[in-house]
file run_19.pdb (PDB, C-alpha atoms)
ATOM      1  CA  GLY S   1       0.000   0.000   0.000
ATOM      2  CA  ILE S   2       0.939   3.631  -0.249
ATOM      3  CA  MET S   3       2.106   5.327   2.911
ATOM      4  CA  ALA S   4      -0.163   8.078   4.204
ATOM      5  CA  ASP S   5       2.688  10.572   4.369
ATOM      6  CA  ASP S   6       3.435  10.031   0.703
ATOM      7  CA  ILE S   7      -0.115  10.673  -0.371
ATOM      8  CA  LEU S   8      -0.918  14.131   0.949
ATOM      9  CA  PRO S   9       2.281  15.142   2.680
ATOM     10  CA  ASN S  10       1.459  18.835   2.961
ATOM     11  CA  VAL S  11      -2.178  18.605   4.016
ATOM     12  CA  GLY S  12      -3.062  19.403   7.623
ATOM     13  CA  HIS S  13      -6.550  17.930   7.927
ATOM     14  CA  VAL S  14      -8.448  15.609   5.609
ATOM     15  CA  LEU S  15     -12.222  15.703   6.112
ATOM     16  CA  LEU S  16     -14.746  13.471   4.378
ATOM     17  CA  VAL S  17     -18.287  14.765   3.909
ATOM     18  CA  LEU S  18     -20.716  11.833   3.869
ATOM     19  CA  SER S  19     -24.452  11.287   3.593
ATOM     20  CA  GLY S  20     -26.506   8.107   3.617
ATOM     21  CA  LYS S  21     -28.429   9.177   0.547
ATOM     22  CA  GLY S  22     -28.598  11.907  -2.060
ATOM     23  CA  GLY S  23     -30.692  15.038  -1.762
ATOM     24  CA  VAL S  24     -29.676  16.176   1.709
ATOM     25  CA  GLY S  25     -27.432  18.963   0.413
ATOM     26  CA  LYS S  26     -24.117  17.242   1.066
ATOM     27  CA  SER S  27     -22.245  19.010  -1.738
ATOM     28  CA  THR S  28     -23.715  22.349  -0.685
ATOM     29  CA  VAL S  29     -22.488  21.775   2.874
ATOM     30  CA  ALA S  30     -19.038  20.670   1.653
ATOM     31  CA  THR S  31     -18.771  23.779  -0.541
ATOM     32  CA  GLN S  32     -20.017  26.155   2.168
ATOM     33  CA  LEU S  33     -17.571  24.684   4.712
ATOM     34  CA  ALA S  34     -14.713  25.184   2.259
ATOM     35  CA  LEU S  35     -15.737  28.797   1.573
ATOM     36  CA  ALA S  36     -16.118  29.565   5.288
ATOM     37  CA  LEU S  37     -12.663  28.137   6.047
ATOM     38  CA  VAL S  38     -11.184  30.265   3.256
ATOM     39  CA  GLU S  39     -12.986  33.267   4.686
ATOM     40  CA  ALA S  40     -11.314  32.459   8.035
ATOM     41  CA  GLY S  41      -7.955  32.759   6.277
ATOM     42  CA  LYS S  42      -7.246  29.057   5.703
ATOM     43  CA  LYS S  43      -5.809  27.446   2.605
ATOM     44  CA  VAL S  44      -8.312  24.832   1.513
ATOM     45  CA  GLY S  45      -8.682  22.087  -1.081
ATOM     46  CA  LEU S  46     -12.055  20.729  -2.149
ATOM     47  CA  LEU S  47     -12.064  17.353  -3.877
ATOM     48  CA  ASP S  48     -15.309  16.222  -5.485
ATOM     49  CA  ILE S  49     -15.312  12.455  -5.955
ATOM     50  CA  ASP S  50     -19.061  12.171  -6.246
ATOM     51  CA  LEU S  51     -18.472  10.597  -9.623
ATOM     52  CA  CYS S  52     -22.080  10.212 -10.701
ATOM     53  CA  GLY S  53     -23.205  13.715  -9.806
ATOM     54  CA  PRO S  54     -20.266  16.055  -9.395
ATOM     55  CA  SER S  55     -21.813  19.422  -8.532
ATOM     56  CA  VAL S  56     -19.053  21.316  -6.732
ATOM     57  CA  ALA S  57     -17.664  22.873  -9.935
ATOM     58  CA  LYS S  58     -21.072  24.350 -10.772
ATOM     59  CA  MET S  59     -21.571  25.679  -7.243
ATOM     60  CA  LEU S  60     -18.275  27.542  -7.457
ATOM     61  CA  ASP S  61     -18.804  28.705 -11.035
ATOM     62  CA  LEU S  62     -15.853  26.679 -12.307
ATOM     63  CA  GLU S  63     -17.605  24.645 -14.969
ATOM     64  CA  GLY S  64     -15.791  24.227 -18.235
ATOM     65  CA  ARG S  65     -12.395  24.997 -16.748
ATOM     66  CA  ASP S  66      -9.491  22.885 -17.943
ATOM     67  CA  ILE S  67      -7.088  20.995 -15.770
ATOM     68  CA  HIS S  68      -3.427  21.695 -16.379
ATOM     69  CA  GLN S  69      -0.553  19.353 -15.698
ATOM     70  CA  CYS S  70       2.599  20.337 -13.899
ATOM     71  CA  SER S  71       5.658  18.294 -12.994
ATOM     72  CA  ASP S  72       3.926  17.190  -9.772
ATOM     73  CA  GLY S  73       0.671  16.111 -11.411
ATOM     74  CA  TRP S  74      -2.639  17.858 -12.038
ATOM     75  CA  LEU S  75      -3.032  21.405 -10.823
ATOM     76  CA  PRO S  76      -6.268  22.072  -8.982
ATOM     77  CA  VAL S  77      -8.570  24.709 -10.437
ATOM     78  CA  TYR S  78      -8.545  27.749  -8.178
ATOM     79  CA  ALA S  79     -11.824  29.378  -7.226
ATOM     80  CA  ASP S  80     -10.188  32.684  -6.343
ATOM     81  CA  PRO S  81      -7.276  34.800  -7.603
ATOM     82  CA  SER S  82      -5.423  34.446  -4.285
ATOM     83  CA  GLN S  83      -5.501  30.645  -4.744
ATOM     84  CA  GLN S  84      -6.819  30.004  -1.239
ATOM     85  CA  LEU S  85      -9.384  27.497  -2.518
ATOM     86  CA  GLY S  86      -8.214  24.783  -4.909
ATOM     87  CA  VAL S  87     -10.803  22.488  -6.452
ATOM     88  CA  MET S  88     -10.499  19.150  -8.195
ATOM     89  CA  SER S  89     -13.503  17.383  -9.622
ATOM     90  CA  ILE S  90     -14.348  14.697 -12.064
ATOM     91  CA  ALA S  91     -16.461  17.393 -13.739
ATOM     92  CA  PHE S  92     -13.310  18.982 -15.149
ATOM     93  CA  MET S  93     -12.603  15.745 -17.003
ATOM     94  CA  LEU S  94     -15.921  15.768 -18.823
ATOM     95  CA  SER S  95     -16.313  17.525 -22.112
ATOM     96  CA  HIS S  96     -19.979  18.304 -21.501
ATOM     97  CA  ARG S  97     -21.758  19.099 -18.323
ATOM     98  CA  ASP S  98     -24.369  16.442 -18.943
ATOM     99  CA  ASP S  99     -21.976  13.637 -19.804
ATOM    100  CA  ALA S 100     -23.117  10.704 -17.757
ATOM    101  CA  ILE S 101     -20.335   8.805 -16.140
ATOM    102  CA  VAL S 102     -20.735   5.095 -16.046
ATOM    103  CA  TRP S 103     -17.746   3.855 -14.136
ATOM    104  CA  ARG S 104     -17.170   0.246 -13.429
ATOM    105  CA  GLY S 105     -15.789  -0.483  -9.978
ATOM    106  CA  PRO S 106     -12.086  -0.935 -10.737
ATOM    107  CA  LYS S 107     -11.967   2.061 -13.044
ATOM    108  CA  LYS S 108     -13.751   4.215 -10.503
ATOM    109  CA  ASN S 109     -11.343   3.194  -7.759
ATOM    110  CA  ALA S 110      -8.350   3.837 -10.001
ATOM    111  CA  MET S 111      -9.736   7.296 -10.701
ATOM    112  CA  ILE S 112     -10.191   8.072  -7.010
ATOM    113  CA  LYS S 113      -6.687   6.802  -6.241
ATOM    114  CA  GLN S 114      -5.379   9.063  -8.963
ATOM    115  CA  PHE S 115      -7.224  12.028  -7.485
ATOM    116  CA  LEU S 116      -5.490  11.335  -4.182
ATOM    117  CA  THR S 117      -2.018  10.785  -5.510
ATOM    118  CA  ASP S 118      -1.756  12.931  -8.648
ATOM    119  CA  VAL S 119      -3.181  16.305  -7.677
ATOM    120  CA  ALA S 120      -0.568  18.924  -6.810
ATOM    121  CA  TRP S 121      -2.433  20.559  -3.938
ATOM    122  CA  GLY S 122       0.656  22.180  -2.479
ATOM    123  CA  GLU S 123       0.406  23.222   1.160
ATOM    124  CA  LEU S 124      -3.149  22.955   2.476
ATOM    125  CA  GLU S 125      -4.577  23.400   5.927
ATOM    126  CA  TYR S 126      -7.771  21.538   5.040
ATOM    127  CA  LEU S 127      -8.764  19.122   2.307
ATOM    128  CA  ILE S 128     -12.512  18.548   2.158
ATOM    129  CA  ILE S 129     -13.616  15.506   0.184
ATOM    130  CA  ASP S 130     -17.183  15.387  -1.114
ATOM    131  CA  THR S 131     -17.957  11.660  -1.329
ATOM    132  CA  PRO S 132     -20.714   9.825  -3.246
ATOM    133  CA  PRO S 133     -23.908   9.504  -1.151
ATOM    134  CA  GLY S 134     -24.774   6.029   0.128
ATOM    135  CA  THR S 135     -23.416   3.192   2.214
ATOM    136  CA  SER S 136     -23.070   0.315  -0.245
ATOM    137  CA  ASP S 137     -20.053  -1.966  -0.664
ATOM    138  CA  GLU S 138     -18.906   0.329  -3.408
ATOM    139  CA  HIS S 139     -18.849   3.200  -0.920
ATOM    140  CA  ILE S 140     -16.863   1.063   1.481
ATOM    141  CA  THR S 141     -14.250   0.647  -1.244
ATOM    142  CA  VAL S 142     -14.190   4.407  -1.771
ATOM    143  CA  VAL S 143     -13.540   5.026   1.927
ATOM    144  CA  GLU S 144     -10.970   2.234   2.061
ATOM    145  CA  ASN S 145      -9.125   3.984  -0.755
ATOM    146  CA  LEU S 146      -9.396   7.251   1.132
ATOM    147  CA  GLN S 147      -8.006   5.628   4.287
ATOM    148  CA  SER S 148      -4.600   5.767   2.655
ATOM    149  CA  CYS S 149      -4.590   9.542   3.108
ATOM    150  CA  ASN S 150      -5.244   9.212   6.819
ATOM    151  CA  PRO S 151      -8.463  11.239   7.110
ATOM    152  CA  ASP S 152      -9.215  13.009  10.387
ATOM    153  CA  GLY S 153     -12.748  11.722  10.066
ATOM    154  CA  ALA S 154     -16.199  12.175   8.607
ATOM    155  CA  ILE S 155     -18.758  14.951   8.748
ATOM    156  CA  LEU S 156     -22.225  13.421   8.400
ATOM    157  CA  VAL S 157     -24.860  15.520   6.650
ATOM    158  CA  SER S 158     -28.490  14.867   7.431
ATOM    159  CA  THR S 159     -31.828  16.665   7.264
ATOM    160  CA  PRO S 160     -34.129  16.962  10.298
ATOM    161  CA  GLN S 161     -36.658  14.327   9.233
ATOM    162  CA  ALA S 162     -36.510  10.977  10.967
ATOM    163  CA  VAL S 163     -36.087   9.145   7.650
ATOM    164  CA  SER S 164     -32.854  10.946   7.057
ATOM    165  CA  LEU S 165     -31.726  10.094  10.588
ATOM    166  CA  GLY S 166     -32.262   6.433   9.711
ATOM    167  CA  ASP S 167     -29.677   7.018   7.006
ATOM    168  CA  VAL S 168     -27.355   8.573   9.551
ATOM    169  CA  ARG S 169     -27.658   5.446  11.660
ATOM    170  CA  ARG S 170     -26.476   3.488   8.623
ATOM    171  CA  GLU S 171     -23.694   6.023   8.082
ATOM    172  CA  LEU S 172     -22.518   5.540  11.650
ATOM    173  CA  SER S 173     -22.275   1.789  11.312
ATOM    174  CA  PHE S 174     -20.609   2.387   7.945
ATOM    175  CA  CYS S 175     -18.007   4.599   9.653
ATOM    176  CA  LYS S 176     -17.472   1.896  12.276
ATOM    177  CA  ARG S 177     -16.961  -0.745   9.616
ATOM    178  CA  THR S 178     -14.473   1.401   7.744
ATOM    179  CA  HIS S 179     -12.731   2.599  10.946
ATOM    180  CA  LEU S 180     -13.506   6.201  10.133
ATOM    181  CA  PRO S 181     -13.845   8.548  13.116
ATOM    182  CA  VAL S 182     -17.014  10.644  13.129
ATOM    183  CA  LEU S 183     -16.197  14.318  13.611
ATOM    184  CA  GLY S 184     -19.845  15.245  13.941
ATOM    185  CA  ILE S 185     -23.213  15.681  12.347
ATOM    186  CA  VAL S 186     -24.580  18.694  10.462
ATOM    187  CA  GLU S 187     -28.339  19.134  10.242
ATOM    188  CA  ASN S 188     -28.948  20.723   6.850
ATOM    189  CA  MET S 189     -32.243  22.245   5.647
ATOM    190  CA  SER S 190     -33.099  22.884   9.265
ATOM    191  CA  GLY S 191     -35.887  25.438   9.004
ATOM    192  CA  PHE S 192     -36.638  27.766   6.109
ATOM    193  CA  VAL S 193     -35.223  31.282   5.839
ATOM    194  CA  CYS S 194     -37.799  33.695   4.458
ATOM    195  CA  PRO S 195     -36.220  35.423   1.444
ATOM    196  CA  HIS S 196     -37.966  38.678   2.391
ATOM    197  CA  CYS S 197     -37.415  39.072   6.104
ATOM    198  CA  SER S 198     -34.786  36.420   6.906
ATOM    199  CA  GLU S 199     -37.065  34.958   9.590
ATOM    200  CA  CYS S 200     -36.312  31.231  10.008
ATOM    201  CA  THR S 201     -39.330  28.904  10.224
ATOM    202  CA  ASN S 202     -39.235  25.174  10.877
ATOM    203  CA  VAL S 203     -40.806  23.425   7.916
ATOM    204  CA  PHE S 204     -39.813  19.992   9.111
ATOM    205  CA  SER S 205     -39.226  19.294  12.729
ATOM    206  CA  SER S 206     -35.942  20.721  13.909
ATOM    207  CA  GLY S 207     -33.457  19.315  16.372
ATOM    208  CA  GLY S 208     -33.625  15.726  15.144
ATOM    209  CA  GLY S 209     -29.935  15.797  14.311
ATOM    210  CA  GLU S 210     -29.061  17.185  17.709
ATOM    211  CA  ALA S 211     -31.095  14.614  19.638
ATOM    212  CA  PHE S 212     -29.564  11.901  17.490
ATOM    213  CA  ALA S 213     -26.053  13.195  18.143
ATOM    214  CA  GLN S 214     -26.707  13.082  21.880
ATOM    215  CA  ASP S 215     -28.106   9.556  21.740
ATOM    216  CA  PHE S 216     -25.090   8.293  19.851
ATOM    217  CA  HIS S 217     -22.505  10.438  21.644
ATOM    218  CA  ILE S 218     -21.269  12.131  18.519
ATOM    219  CA  PRO S 219     -20.647  15.865  18.306
ATOM    220  CA  PHE S 220     -23.435  18.001  16.891
ATOM    221  CA  LEU S 221     -21.733  20.576  14.671
ATOM    222  CA  GLY S 222     -24.781  22.730  14.027
ATOM    223  CA  ARG S 223     -27.724  23.286  11.744
ATOM    224  CA  ILE S 224     -27.881  25.076   8.413
ATOM    225  CA  PRO S 225     -31.287  26.383   7.311
ATOM    226  CA  LEU S 226     -32.944  25.927   3.955
ATOM    227  CA  ASP S 227     -32.279  29.293   2.382
ATOM    228  CA  PRO S 228     -33.515  30.297  -1.086
ATOM    229  CA  LYS S 229     -30.640  32.772  -1.283
ATOM    230  CA  LEU S 230     -28.153  29.959  -0.714
ATOM    231  CA  SER S 231     -29.869  27.859  -3.398
ATOM    232  CA  GLN S 232     -29.708  30.843  -5.745
ATOM    233  CA  CYS S 233     -26.014  31.364  -5.023
ATOM    234  CA  THR S 234     -25.124  27.695  -5.553
ATOM    235  CA  GLU S 235     -27.110  27.690  -8.801
ATOM    236  CA  GLU S 236     -25.288  30.798 -10.003
ATOM    237  CA  GLY S 237     -21.899  29.839  -8.628
ATOM    238  CA  GLN S 238     -21.716  32.836  -6.306
ATOM    239  CA  SER S 239     -20.486  33.102  -2.752
ATOM    240  CA  LEU S 240     -23.333  33.665  -0.304
ATOM    241  CA  ALA S 241     -20.957  35.494   2.070
ATOM    242  CA  LYS S 242     -20.146  38.016  -0.663
ATOM    243  CA  VAL S 243     -23.678  38.477  -1.998
ATOM    244  CA  PHE S 244     -25.645  38.340   1.283
ATOM    245  CA  PRO S 245     -23.081  38.901   4.037
ATOM    246  CA  THR S 246     -25.747  39.339   6.731
ATOM    247  CA  SER S 247     -27.602  36.130   5.902
ATOM    248  CA  PRO S 248     -28.417  33.948   8.943
ATOM    249  CA  THR S 249     -27.174  31.006   6.880
ATOM    250  CA  ILE S 250     -23.655  32.431   6.773
ATOM    251  CA  GLN S 251     -23.697  32.683  10.554
ATOM    252  CA  ALA S 252     -24.926  29.097  10.747
ATOM    253  CA  VAL S 253     -22.126  27.837   8.490
ATOM    254  CA  ARG S 254     -19.547  29.775  10.533
ATOM    255  CA  THR S 255     -20.836  28.125  13.699
ATOM    256  CA  VAL S 256     -20.456  24.697  12.104
ATOM    257  CA  VAL S 257     -16.896  25.562  11.080
ATOM    258  CA  ASP S 258     -16.025  26.845  14.574
ATOM    259  CA  ASN S 259     -17.376  23.645  16.139
ATOM    260  CA  LEU S 260     -15.528  21.553  13.591
ATOM    261  CA  VAL S 261     -12.209  23.315  14.201
ATOM    262  CA  ALA S 262     -12.691  22.912  17.973
ATOM    263  CA  GLN S 263     -13.446  19.226  17.435
ATOM    264  CA  LEU S 264     -10.256  18.737  15.397
ATOM    265  CA  LYS S 265      -8.221  20.583  18.029
ATOM    266  CA  SER S 266      -9.483  18.447  20.875
ATOM    267  CA  ARG S 267      -8.759  15.304  18.856
ATOM    268  CA  THR S 268      -5.240  16.440  18.044
ATOM    269  CA  ASN S 269      -4.626  17.230  21.720
ATOM    270  CA  ALA S 270      -6.002  13.847  22.791
ATOM    271  CA  LYS S 271      -3.731  12.163  20.251
ATOM    272  CA  HIS S 272      -0.637  13.951  21.513
ATOM    273  CA  GLY S 273      -1.630  13.604  25.142
ATOM    274  CA  SER S 274      -1.532  17.331  25.801
ATOM    275  CA  THR S 275      -4.312  19.204  27.578
TER     276      THR S 275
END

call {"tool": "encode", "arguments": {"input": "run_19.pdb", "output": "structure tokens"}}
result
Amino acid sequence: GIMADDILPNVGHVLLVLSGKGGVGKSTVATQLALALVEAGKKVGLLDIDLCGPSVAKMLDLEGRDIHQCSDGWLPVYADPSQQLGVMSIAFMLSHRDDAIVWRGPKKNAMIKQFLTDVAWGELEYLIIDTPPGTSDEHITVVENLQSCNPDGAILVSTPQAVSLGDVRRELSFCKRTHLPVLGIVENMSGFVCPHCSECTNVFSSGGGEAFAQDFHIPFLGRIPLDPKLSQCTEEGQSLAKVFPTSPTIQAVRTVVDNLVAQLKSRTNAKHGST
């Protein structure tokens, strides 16, 4: 096998964003976390290996960009002139946005391995990996491949409804099976932000994710509301923080990031036995 240090030698933290099924806004959460970390002054990589529905490039308005090679491999596509956010996605390999990708197992795994070993990320404080939704054997293989880069753990994305929490239960046992630490759970689409007055109303029940986190003794990282402005920004590839800086959603994402960073700190301290 490949040694972890050889794979992403200059990456501080590797975070996997997982969900038990599609449609819970996993890619949106992954993208918003990356943008919030950049806003906090961090150097961040965002790797989209959701091979069947790569949406990160669209959310960051990077569609149609070409990947360039350098002596160290593929250069990520940068979302900003200061190169604080580097992005790599299968979408950049497709000639047309609607190209369907039908990958057979071995080819898919080879592709993911290549994404881990052949992208010249440079120095990064955080690498966020948007993984395919689901918990099948195929997903286990994906995570096993990702194990080689020594991930800090997984961020589970759920919505408040109980059905989605059933998926989280599956995710948790999935993380156990693949020996992946759970960094915490994010409740997405938690309440609806009125586009006119920014009042947040609970459409579904709220707090399901939090109660679940308590029951299973996993950290609750926070809740992100369902916000038409956020949907509009992801559709148009704009940054919500730039367009609507006072949006309650931005605050919510910042809270999740603060909790996440605190979680990583406490884990690092526990690992090194310091207080």

call {"tool": "resolve_selection", "arguments": {"input": "run_19.pdb", "expression": "the PyMOL selection byres ((chain S and resi 58) around 9)", "output": "list of chain:residue names"}}
result
S:Pro54, S:Ser55, S:Val56, S:Ala57, S:Met59, S:Leu60, S:Asp61, S:Leu62, S:Glu63, S:Ala91, S:Thr234, S:Glu235, S:Glu236, S:Gly237

call {"tool": "atom_distance", "arguments": {"input": "run_19.pdb", "atom1": "CA of Pro225 in chain S", "atom2": "CA of Arg267 in chain S"}}
result
27.6 Å

call {"tool": "closest_residue", "arguments": {"input": "run_19.pdb", "among": "S:Val119, S:Leu226, S:Leu124, S:Leu180", "to": "Glu144 in chain S", "atoms": "all atoms listed in the file"}}
result
S:Leu180

call {"tool": "resolve_selection", "arguments": {"input": "run_19.pdb", "expression": "the PyMOL selection byres ((chain S and resi 18) around 9)", "output": "VMD selection string"}}
result
chain S and resid 16 to 17 19 to 21 26 129 to 134 154 to 157 171

call {"tool": "resolve_selection", "arguments": {"input": "run_19.pdb", "expression": "the PyMOL selection byres ((chain S and resi 185) around 10)", "output": "list of chain:residue names"}}
result
S:Val17, S:Leu18, S:Ser19, S:Ala154, S:Ile155, S:Leu156, S:Val157, S:Ser158, S:Val168, S:Val182, S:Leu183, S:Gly184, S:Val186, S:Glu187, S:Asn188, S:Gly209, S:Glu210, S:Phe212, S:Ala213, S:Ile218, S:Pro219, S:Phe220, S:Leu221, S:Gly222, S:Arg223, S:Val256, S:Leu260

call {"tool": "atom_distance", "arguments": {"input": "run_19.pdb", "atom1": "CA of Gly23 in chain S", "atom2": "CA of Trp121 in chain S"}}
result
28.9 Å

call {"tool": "atom_distance", "arguments": {"input": "run_19.pdb", "atom1": "CA of Lys42 in chain S", "atom2": "CA of Met111 in chain S"}}
result
27.4 Å

call {"tool": "residues_around", "arguments": {"input": "run_19.pdb", "residues": "Ala40 in chain S", "least_positions_apart": "4", "cutoff": "12 Å", "atoms": "all atoms listed in the file", "output": "ChimeraX atom specification"}}
result
/S:33-36,44,84-85,125-126,241,253-255,257-258,261

call {"tool": "closest_residue", "arguments": {"input": "run_19.pdb", "among": "S:Ser71, S:Ile112, S:Gly122, S:Arg169", "to": "Thr141 in chain S", "atoms": "all atoms listed in the file"}}
result
S:Ile112

call {"tool": "closest_residue", "arguments": {"input": "run_19.pdb", "among": "S:Lys113, S:Gln32, S:Gly25, S:Pro9", "to": "Ile49 in chain S", "atoms": "all atoms listed in the file"}}
result
S:Lys113

call {"tool": "closest_residue", "arguments": {"input": "run_19.pdb", "among": "S:Val29, S:Val143, S:Ile224, S:Leu94", "to": "Pro248 in chain S", "atoms": "all atoms listed in the file"}}
result
S:Ile224
